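Text of the file upload-v2.cif, holding mmCIF, C-alpha atoms and all ligand atoms; chains and numbers go by the auth columns:
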data_work
loop_
_atom_site.group_PDB
_atom_site.id
_atom_site.type_symbol
_atom_site.label_atom_id
_atom_site.label_comp_id
_atom_site.label_asym_id
_atom_site.label_seq_id
_atom_site.Cartn_x
_atom_site.Cartn_y
_atom_site.Cartn_z
_atom_site.B_iso_or_equiv
_atom_site.auth_seq_id
_atom_site.auth_asym_id
ATOM 1 C CA MET A 1 -39.196 68.195 49.096 0.00 22 A
ATOM 2 C CA ARG A 2 -41.432 68.265 52.130 0.00 23 A
ATOM 3 C CA VAL A 3 -44.409 67.298 50.072 0.00 24 A
ATOM 4 C CA LEU A 4 -42.475 64.424 48.555 0.00 25 A
ATOM 5 C CA PHE A 5 -41.368 63.270 51.999 0.00 26 A
ATOM 6 C CA ARG A 6 -44.936 63.358 53.261 0.00 27 A
ATOM 7 C CA LEU A 7 -46.064 61.377 50.265 0.00 28 A
ATOM 8 C CA ILE A 8 -43.438 58.724 50.899 0.00 29 A
ATOM 9 C CA VAL A 9 -44.470 58.509 54.559 0.00 30 A
ATOM 10 C CA PHE A 10 -48.096 58.351 53.540 0.00 31 A
ATOM 11 C CA PHE A 11 -47.557 55.460 51.135 0.00 32 A
ATOM 12 C CA TYR A 12 -45.373 53.647 53.625 0.00 33 A
ATOM 13 C CA VAL A 13 -47.997 53.873 56.382 0.00 34 A
ATOM 14 C CA TRP A 14 -50.755 53.079 53.928 0.00 35 A
ATOM 15 C CA GLY A 15 -48.758 50.025 52.808 0.00 36 A
ATOM 16 C CA ILE A 16 -48.498 48.689 56.362 0.00 37 A
ATOM 17 C CA PHE A 17 -52.145 49.395 56.951 0.00 38 A
ATOM 18 C CA THR A 18 -53.370 47.601 53.851 0.00 39 A
ATOM 19 C CA ALA A 19 -50.947 44.716 54.387 0.00 40 A
ATOM 20 C CA GLN A 20 -52.437 44.140 57.829 0.00 41 A
ATOM 21 C CA GLY A 21 -55.947 44.540 56.564 0.00 42 A
ATOM 22 C CA GLN A 22 -55.420 41.854 53.950 0.00 43 A
ATOM 23 C CA LYS A 23 -53.595 39.151 55.788 0.00 44 A
ATOM 24 C CA ALA A 24 -55.765 36.508 54.232 0.00 45 A
ATOM 25 C CA GLU A 25 -54.988 37.687 50.746 0.00 46 A
ATOM 26 C CA GLU A 26 -51.439 37.721 49.529 0.00 47 A
ATOM 27 C CA SER A 27 -51.866 40.449 46.986 0.00 48 A
ATOM 28 C CA THR A 28 -50.736 43.952 47.647 0.00 49 A
ATOM 29 C CA GLU A 29 -52.498 46.255 45.278 0.00 50 A
ATOM 30 C CA GLU A 30 -50.385 45.785 42.191 0.00 51 A
ATOM 31 C CA VAL A 31 -50.318 43.506 39.205 0.00 52 A
ATOM 32 C CA LYS A 32 -47.673 40.820 39.586 0.00 53 A
ATOM 33 C CA ILE A 33 -45.991 39.788 36.376 0.00 54 A
ATOM 34 C CA GLU A 34 -44.173 36.496 36.019 0.00 55 A
ATOM 35 C CA VAL A 35 -42.437 35.888 32.708 0.00 56 A
ATOM 36 C CA LEU A 36 -42.740 32.183 31.950 0.00 57 A
ATOM 37 C CA HIS A 37 -41.061 32.275 28.582 0.00 58 A
ATOM 38 C CA ARG A 38 -39.408 35.070 26.624 0.00 59 A
ATOM 39 C CA PRO A 39 -38.186 34.362 23.085 0.00 60 A
ATOM 40 C CA GLU A 40 -34.519 35.084 22.420 0.00 61 A
ATOM 41 C CA ASN A 41 -35.332 37.287 19.491 0.00 62 A
ATOM 42 C CA CYS A 42 -37.486 40.069 20.762 0.00 63 A
ATOM 43 C CA SER A 43 -37.207 43.047 18.477 0.00 64 A
ATOM 44 C CA LYS A 44 -40.507 44.732 19.250 0.00 65 A
ATOM 45 C CA THR A 45 -42.602 44.803 22.386 0.00 66 A
ATOM 46 C CA SER A 46 -46.213 45.740 23.038 0.00 67 A
ATOM 47 C CA LYS A 47 -47.131 49.360 23.734 0.00 68 A
ATOM 48 C CA LYS A 48 -50.289 51.275 24.456 0.00 69 A
ATOM 49 C CA GLY A 49 -52.483 51.417 21.350 0.00 70 A
ATOM 50 C CA ASP A 50 -51.033 48.273 19.762 0.00 71 A
ATOM 51 C CA LEU A 51 -53.299 45.575 18.466 0.00 72 A
ATOM 52 C CA LEU A 52 -52.514 42.304 20.236 0.00 73 A
ATOM 53 C CA ASN A 53 -53.381 38.740 19.406 0.00 74 A
ATOM 54 C CA ALA A 54 -53.285 36.369 22.368 0.00 75 A
ATOM 55 C CA HIS A 55 -54.694 33.316 24.043 0.00 76 A
ATOM 56 C CA TYR A 56 -55.401 33.468 27.727 0.00 77 A
ATOM 57 C CA ASP A 57 -56.763 31.358 30.545 0.00 78 A
ATOM 58 C CA GLY A 58 -58.224 32.930 33.647 0.00 79 A
ATOM 59 C CA PHE A 59 -58.315 31.355 37.113 0.00 80 A
ATOM 60 C CA LEU A 60 -59.619 32.394 40.508 0.00 81 A
ATOM 61 C CA ALA A 61 -56.675 32.728 42.892 0.00 82 A
ATOM 62 C CA LYS A 62 -58.588 31.392 45.878 0.00 83 A
ATOM 63 C CA ASP A 63 -59.220 27.881 44.536 0.00 84 A
ATOM 64 C CA GLY A 64 -57.515 27.762 41.164 0.00 85 A
ATOM 65 C CA SER A 65 -60.760 27.154 39.300 0.00 86 A
ATOM 66 C CA LYS A 66 -60.784 28.183 35.671 0.00 87 A
ATOM 67 C CA PHE A 67 -63.393 30.806 34.790 0.00 88 A
ATOM 68 C CA TYR A 68 -62.253 31.667 31.303 0.00 89 A
ATOM 69 C CA CYS A 69 -60.400 30.108 28.410 0.00 90 A
ATOM 70 C CA SER A 70 -60.042 31.884 25.084 0.00 91 A
ATOM 71 C CA ARG A 71 -59.233 28.569 23.398 0.00 92 A
ATOM 72 C CA THR A 72 -62.791 27.372 23.858 0.00 93 A
ATOM 73 C CA GLN A 73 -64.256 30.506 22.268 0.00 94 A
ATOM 74 C CA ASN A 74 -64.525 31.773 18.726 0.00 95 A
ATOM 75 C CA GLU A 75 -63.509 28.378 17.283 0.00 96 A
ATOM 76 C CA GLY A 76 -60.258 28.476 19.201 0.00 97 A
ATOM 77 C CA HIS A 77 -58.937 31.596 17.503 0.00 98 A
ATOM 78 C CA PRO A 78 -56.787 33.824 19.699 0.00 99 A
ATOM 79 C CA LYS A 79 -58.340 37.097 20.806 0.00 100 A
ATOM 80 C CA TRP A 80 -57.614 40.460 19.198 0.00 101 A
ATOM 81 C CA PHE A 81 -57.704 43.577 21.305 0.00 102 A
ATOM 82 C CA VAL A 82 -56.149 47.013 21.577 0.00 103 A
ATOM 83 C CA LEU A 83 -53.778 47.356 24.514 0.00 104 A
ATOM 84 C CA GLY A 84 -54.039 50.047 27.144 0.00 105 A
ATOM 85 C CA VAL A 85 -57.396 51.555 26.228 0.00 106 A
ATOM 86 C CA GLY A 86 -59.759 49.701 28.550 0.00 107 A
ATOM 87 C CA GLN A 87 -60.930 47.013 26.127 0.00 108 A
ATOM 88 C CA VAL A 88 -59.834 44.483 28.730 0.00 109 A
ATOM 89 C CA ILE A 89 -59.628 44.747 32.524 0.00 110 A
ATOM 90 C CA LYS A 90 -57.044 47.152 33.880 0.00 111 A
ATOM 91 C CA GLY A 91 -54.810 44.358 35.173 0.00 112 A
ATOM 92 C CA LEU A 92 -54.422 42.931 31.660 0.00 113 A
ATOM 93 C CA ASP A 93 -53.783 46.391 30.196 0.00 114 A
ATOM 94 C CA ILE A 94 -50.954 46.823 32.708 0.00 115 A
ATOM 95 C CA GLY A 95 -49.658 43.260 32.741 0.00 116 A
ATOM 96 C CA MET A 96 -49.402 42.891 28.964 0.00 117 A
ATOM 97 C CA MET A 97 -47.211 45.936 28.345 0.00 118 A
ATOM 98 C CA ASP A 98 -43.694 45.386 26.960 0.00 119 A
ATOM 99 C CA MET A 99 -44.420 41.831 25.886 0.00 120 A
ATOM 100 C CA CYS A 100 -42.927 40.371 22.742 0.00 121 A
ATOM 101 C CA PRO A 101 -44.609 37.993 20.303 0.00 122 A
ATOM 102 C CA GLY A 102 -44.195 34.423 21.527 0.00 123 A
ATOM 103 C CA GLU A 103 -43.829 35.472 25.153 0.00 124 A
ATOM 104 C CA LYS A 104 -45.744 33.704 27.908 0.00 125 A
ATOM 105 C CA ARG A 105 -46.681 35.346 31.171 0.00 126 A
ATOM 106 C CA LYS A 106 -48.527 34.640 34.333 0.00 127 A
ATOM 107 C CA LEU A 107 -50.307 37.617 35.856 0.00 128 A
ATOM 108 C CA ILE A 108 -51.688 37.900 39.355 0.00 129 A
ATOM 109 C CA ILE A 109 -54.294 40.621 39.343 0.00 130 A
ATOM 110 C CA PRO A 110 -55.791 42.028 42.548 0.00 131 A
ATOM 111 C CA PRO A 111 -59.533 42.832 42.563 0.00 132 A
ATOM 112 C CA SER A 112 -58.982 46.586 42.233 0.00 133 A
ATOM 113 C CA PHE A 113 -57.420 45.937 38.798 0.00 134 A
ATOM 114 C CA ALA A 114 -60.058 43.379 37.863 0.00 135 A
ATOM 115 C CA TYR A 115 -63.738 43.265 38.856 0.00 136 A
ATOM 116 C CA GLY A 116 -63.441 44.869 42.298 0.00 137 A
ATOM 117 C CA LYS A 117 -66.010 44.627 45.042 0.00 138 A
ATOM 118 C CA GLU A 118 -68.829 43.998 42.600 0.00 139 A
ATOM 119 C CA GLY A 119 -67.408 40.945 40.924 0.00 140 A
ATOM 120 C CA TYR A 120 -68.836 39.924 37.569 0.00 141 A
ATOM 121 C CA ALA A 121 -71.713 37.528 37.839 0.00 142 A
ATOM 122 C CA GLU A 122 -71.934 36.784 34.131 0.00 143 A
ATOM 123 C CA GLY A 123 -68.276 35.761 34.088 0.00 144 A
ATOM 124 C CA LYS A 124 -68.686 33.787 37.337 0.00 145 A
ATOM 125 C CA ILE A 125 -66.299 36.070 39.188 0.00 146 A
ATOM 126 C CA PRO A 126 -67.179 36.628 42.848 0.00 147 A
ATOM 127 C CA PRO A 127 -66.700 39.973 44.627 0.00 148 A
ATOM 128 C CA ASP A 128 -63.148 40.878 45.732 0.00 149 A
ATOM 129 C CA ALA A 129 -61.571 38.167 43.609 0.00 150 A
ATOM 130 C CA THR A 130 -57.868 38.073 42.848 0.00 151 A
ATOM 131 C CA LEU A 131 -57.419 36.654 39.356 0.00 152 A
ATOM 132 C CA ILE A 132 -54.626 34.703 37.734 0.00 153 A
ATOM 133 C CA PHE A 133 -54.131 34.829 33.984 0.00 154 A
ATOM 134 C CA GLU A 134 -51.857 32.670 31.875 0.00 155 A
ATOM 135 C CA ILE A 135 -51.167 34.400 28.627 0.00 156 A
ATOM 136 C CA GLU A 136 -49.506 33.516 25.386 0.00 157 A
ATOM 137 C CA LEU A 137 -48.978 36.438 23.046 0.00 158 A
ATOM 138 C CA TYR A 138 -48.884 35.673 19.334 0.00 159 A
ATOM 139 C CA ALA A 139 -48.749 38.992 17.571 0.00 160 A
ATOM 140 C CA VAL A 140 -48.147 42.667 18.207 0.00 161 A
ATOM 141 C CA THR A 141 -49.246 44.979 15.436 0.00 162 A
ATOM 142 C CA LYS A 142 -49.655 48.690 15.170 0.00 163 A
ATOM 143 C CA GLY A 143 -53.151 49.770 16.105 0.00 164 A
ATOM 144 C CA PRO A 144 -55.334 51.631 13.609 0.00 165 A
ATOM 145 C CA ARG A 145 -54.410 54.958 15.205 0.00 166 A
ATOM 146 C CA SER A 146 -50.700 54.522 15.609 0.00 167 A
ATOM 147 C CA VAL A 147 -48.006 57.184 15.470 0.00 168 A
ATOM 148 C CA GLU A 148 -46.541 55.364 12.463 0.00 169 A
ATOM 149 C CA THR A 149 -49.761 55.619 10.480 0.00 170 A
ATOM 150 C CA PHE A 150 -50.111 59.308 11.317 0.00 171 A
ATOM 151 C CA LYS A 151 -46.596 60.023 10.042 0.00 172 A
ATOM 152 C CA GLN A 152 -47.280 58.007 6.924 0.00 173 A
ATOM 153 C CA ILE A 153 -50.359 60.085 6.087 0.00 174 A
ATOM 154 C CA ASP A 154 -48.751 63.425 7.006 0.00 175 A
ATOM 155 C CA VAL A 155 -46.747 63.750 3.797 0.00 176 A
ATOM 156 C CA ASP A 156 -45.720 67.433 4.293 0.00 177 A
ATOM 157 C CA ASN A 157 -44.800 66.689 7.902 0.00 178 A
ATOM 158 C CA ASP A 158 -46.605 69.660 9.470 0.00 179 A
ATOM 159 C CA ARG A 159 -48.151 67.438 12.178 0.00 180 A
ATOM 160 C CA GLN A 160 -51.674 67.818 10.907 0.00 181 A
ATOM 161 C CA LEU A 161 -53.613 65.949 8.280 0.00 182 A
ATOM 162 C CA SER A 162 -55.275 67.833 5.457 0.00 183 A
ATOM 163 C CA LYS A 163 -58.158 66.510 3.370 0.00 184 A
ATOM 164 C CA THR A 164 -55.760 66.049 0.452 0.00 185 A
ATOM 165 C CA GLU A 165 -53.371 63.986 2.558 0.00 186 A
ATOM 166 C CA ILE A 166 -56.102 61.755 3.898 0.00 187 A
ATOM 167 C CA SER A 167 -57.781 61.389 0.534 0.00 188 A
ATOM 168 C CA HIS A 168 -54.423 60.376 -0.957 0.00 189 A
ATOM 169 C CA TYR A 169 -53.893 57.822 1.810 0.00 190 A
ATOM 170 C CA LEU A 170 -57.401 56.395 1.439 0.00 191 A
ATOM 171 C CA LYS A 171 -56.927 56.046 -2.297 0.00 192 A
ATOM 172 C CA LYS A 172 -53.785 53.965 -1.747 0.00 193 A
ATOM 173 C CA GLU A 173 -55.497 51.855 0.916 0.00 194 A
ATOM 174 C CA PHE A 174 -58.473 51.213 -1.335 0.00 195 A
ATOM 175 C CA GLU A 175 -56.162 50.179 -4.139 0.00 196 A
ATOM 176 C CA LYS A 176 -54.729 47.495 -1.859 0.00 197 A
ATOM 177 C CA ASP A 177 -58.234 46.290 -1.200 0.00 198 A
ATOM 178 C CA GLU A 178 -59.386 43.436 -3.366 0.00 199 A
ATOM 179 C CA LYS A 179 -62.766 44.943 -4.037 0.00 200 A
ATOM 180 C CA PRO A 180 -62.433 48.116 -6.106 0.00 201 A
ATOM 181 C CA ARG A 181 -64.317 51.115 -4.655 0.00 202 A
ATOM 182 C CA ASP A 182 -65.695 53.963 -6.690 0.00 203 A
ATOM 183 C CA LYS A 183 -64.861 57.604 -6.096 0.00 204 A
ATOM 184 C CA SER A 184 -68.124 58.467 -4.362 0.00 205 A
ATOM 185 C CA TYR A 185 -67.481 55.805 -1.764 0.00 206 A
ATOM 186 C CA GLN A 186 -64.039 57.294 -1.036 0.00 207 A
ATOM 187 C CA THR A 187 -65.509 60.778 -0.736 0.00 208 A
ATOM 188 C CA ALA A 188 -68.138 59.521 1.681 0.00 209 A
ATOM 189 C CA VAL A 189 -65.493 57.871 3.858 0.00 210 A
ATOM 190 C CA LEU A 190 -63.436 61.060 3.846 0.00 211 A
ATOM 191 C CA GLU A 191 -66.390 63.265 4.788 0.00 212 A
ATOM 192 C CA ASP A 192 -67.392 60.878 7.535 0.00 213 A
ATOM 193 C CA PHE A 193 -63.838 60.772 8.866 0.00 214 A
ATOM 194 C CA PHE A 194 -63.719 64.574 9.146 0.00 215 A
ATOM 195 C CA LYS A 195 -67.161 64.795 10.682 0.00 216 A
ATOM 196 C CA LYS A 196 -66.142 62.381 13.427 0.00 217 A
ATOM 197 C CA ASN A 197 -62.567 63.496 14.026 0.00 218 A
ATOM 198 C CA ASP A 198 -62.137 67.197 13.206 0.00 219 A
ATOM 199 C CA ARG A 199 -63.465 68.258 16.563 0.00 220 A
ATOM 200 C CA ASP A 200 -62.455 71.935 16.376 0.00 221 A
ATOM 201 C CA GLY A 201 -63.726 72.162 12.792 0.00 222 A
ATOM 202 C CA ASP A 202 -60.588 73.805 11.325 0.00 223 A
ATOM 203 C CA GLY A 203 -60.484 71.464 8.326 0.00 224 A
ATOM 204 C CA PHE A 204 -57.409 69.583 9.552 0.00 225 A
ATOM 205 C CA ILE A 205 -56.957 66.556 11.760 0.00 226 A
ATOM 206 C CA SER A 206 -54.392 67.395 14.403 0.00 227 A
ATOM 207 C CA SER A 207 -52.267 64.695 16.023 0.00 228 A
ATOM 208 C CA LYS A 208 -54.425 65.025 19.104 0.00 229 A
ATOM 209 C CA GLU A 209 -57.670 64.676 17.161 0.00 230 A
ATOM 210 C CA TYR A 210 -56.308 61.692 15.256 0.00 231 A
ATOM 211 C CA ASN A 211 -54.827 59.919 18.174 0.00 232 A
ATOM 212 C CA VAL A 212 -57.761 58.641 20.141 0.00 233 A
ATOM 213 C CA TYR A 213 -55.429 56.702 22.400 0.00 234 A
ATOM 214 C CA GLN A 214 -53.311 59.745 23.304 0.00 235 A
ATOM 215 C CA HIS A 215 -49.907 58.319 22.534 0.00 236 A
ATOM 216 C CA ASP A 216 -47.324 60.401 24.285 0.00 237 A
ATOM 217 C CA GLU A 217 -44.769 60.007 21.525 0.00 238 A
ATOM 218 C CA LEU A 218 -46.556 62.409 19.200 0.00 239 A
HETATM 219 CA CA CA B . -49.904 67.545 6.904 0.00 1 B
HETATM 220 CA CA CA B . -58.956 70.014 13.600 0.00 2 B
#
What do you get writing this file as structure tokens?
Amino acid sequence: MRVLFRLIVFFYVWGIFTAQGQKAEESTEEVKIEVLHRPENCSKTSKKGDLLNAHYDGFLAKDGSKFYCSRTQNEGHPKWFVLGVGQVIKGLDIGMMDMCPGEKRKLIIPPSFAYGKEGYAEGKIPPDATLIFEIELYAVTKGPRSVETFKQIDVDNDRQLSKTEISHYLKKEFEKDEKPRDKSYQTAVLEDFFKKNDRDGDGFISSKEYNVYQHDEL
């Protein structure tokens, strides 16, 4: 209890201290999330490891100038990225959790969750910049290493994947593919998969070895 109390005091004092130190900047060190639009039907929301498809515009908080617009890139196609694994800046990883397809958000991201003291010259972001993102999320899909996929492959449900189970899964996946693949190709993929993922070399892929994103549900 005493430790907890001290921690609370510490964060309280630290909060006052940083608030005074940053009078000019409004941001306390957290990502602010403003939901601009949330669809009525929202059956699934984004989680760590999901593959997201979104458009976003980025602005500098200090003067509102736009430094990024996904609509002007890649022929206007929305961006795909995996959530929560550091493919995007930390502020986006945090601010895009629990979003449903069709939702729009505005995020205010302090420098410590964006490009920090260094800034990002290539992206025209100055040091210590607070960023504002306007996001429209189109799709949330299970990432390649999702819990669901693991369970689907693990036919005997012993929480590890044998070569037979993976080979069976690959065969089905390849059958869905439009281009037929021969057996040697499948074997090569399987061998390569084990070489890269069976880190303790026991001939099975454990949930931990499979799940590069360390889902906590497994
Ligand atoms: Ca198994
Ligand atoms: Ca293993």
Residues in the PyMOL selection byres (((not hetatm)) within 7 of (chain B and resi 1)), expressed as a list in words: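 Applied to this file, the PyMOL selection byres (((not hetatm)) within 7 of (chain B and resi 1)) returns Asp175, Val176, Asp177, Asn178, Asp179, Arg180, Gln181, Leu182, Ser183 and Glu186 of chain A.
A straight line drawn from CA of His189 (chain A) to CA of Ile174 (chain A) is 8.1 Å long.
When the PyMOL selection byres (((chain A and resi 188) around 12) and not hetatm) is run on the displayed coordinates, the residues it returns are A:Ile174, A:Asp175, A:Val176, A:Leu182, A:Ser183, A:Lys184, A:Thr185, A:Glu186, A:Ile187, A:His189, A:Tyr190, A:Leu191, A:Lys192, A:Lys193, A:Glu194, A:Phe195, A:Lys204, A:Ser205, A:Tyr206, A:Gln207, A:Thr208, A:Ala209, A:Val210, A:Leu211, A:Glu212, A:Asp213, A:Phe214, A:Phe215.
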Residues selected by the PyMOL selection byres (((chain A and resi 88-92) around 12) and not hetatm), written as a VMD selection string: chain A and resid 74 to 82 84 to 87 93 to 101 141 to 147 150 152 to 157
Within-6 Å residues of ligand CA 2 (chain B), basis only C-alpha atoms and all ligand atoms, as a list in words: Asp219, Arg220, Asp221, Gly222, Asp223, Gly224, Phe225, Ile226 and Ser227 of chain A
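Using only C-alpha atoms, the shortest contact distance between Gln108 (chain A) and any of A:Val168, A:Ile129, A:Leu72, A:Met120 is found at A:Leu72.
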Interatomic distance (Å, one decimal) between CA of Val56 (chain A) and CA of Lys83 (chain A): 21.3 Å
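Note that the spacing between CA of Phe171 (chain A) and CA of Tyr231 (chain A) amounts to 7.7 Å.
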Neighbour list for Val52 (chain A) as a PyMOL selection string, cut-off 8 Å, all atoms listed in the file, skip fewer than 4 positions in-chain: chain A and resi 112+115-116+128-131+134
From A:Lys216, A:Lys172, A:Gly164, A:Ala135, residue lying nearest Lys68 (chain A) [all atoms listed in the file]: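 Looking at the shortest contact to Lys68 (chain A), the residue is A:Gly164.
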To test the calculation: enclose all listed atoms of region 172-181 of chain A in a box whose edges run along x, y and z, add 6 Å on each side, then state centre and edge lengths in Å to one decimal, as JSON.
{"center_x": -48.2, "center_y": 63.8, "center_z": 8.0, "size_x": 18.9, "size_y": 23.7, "size_z": 20.4}
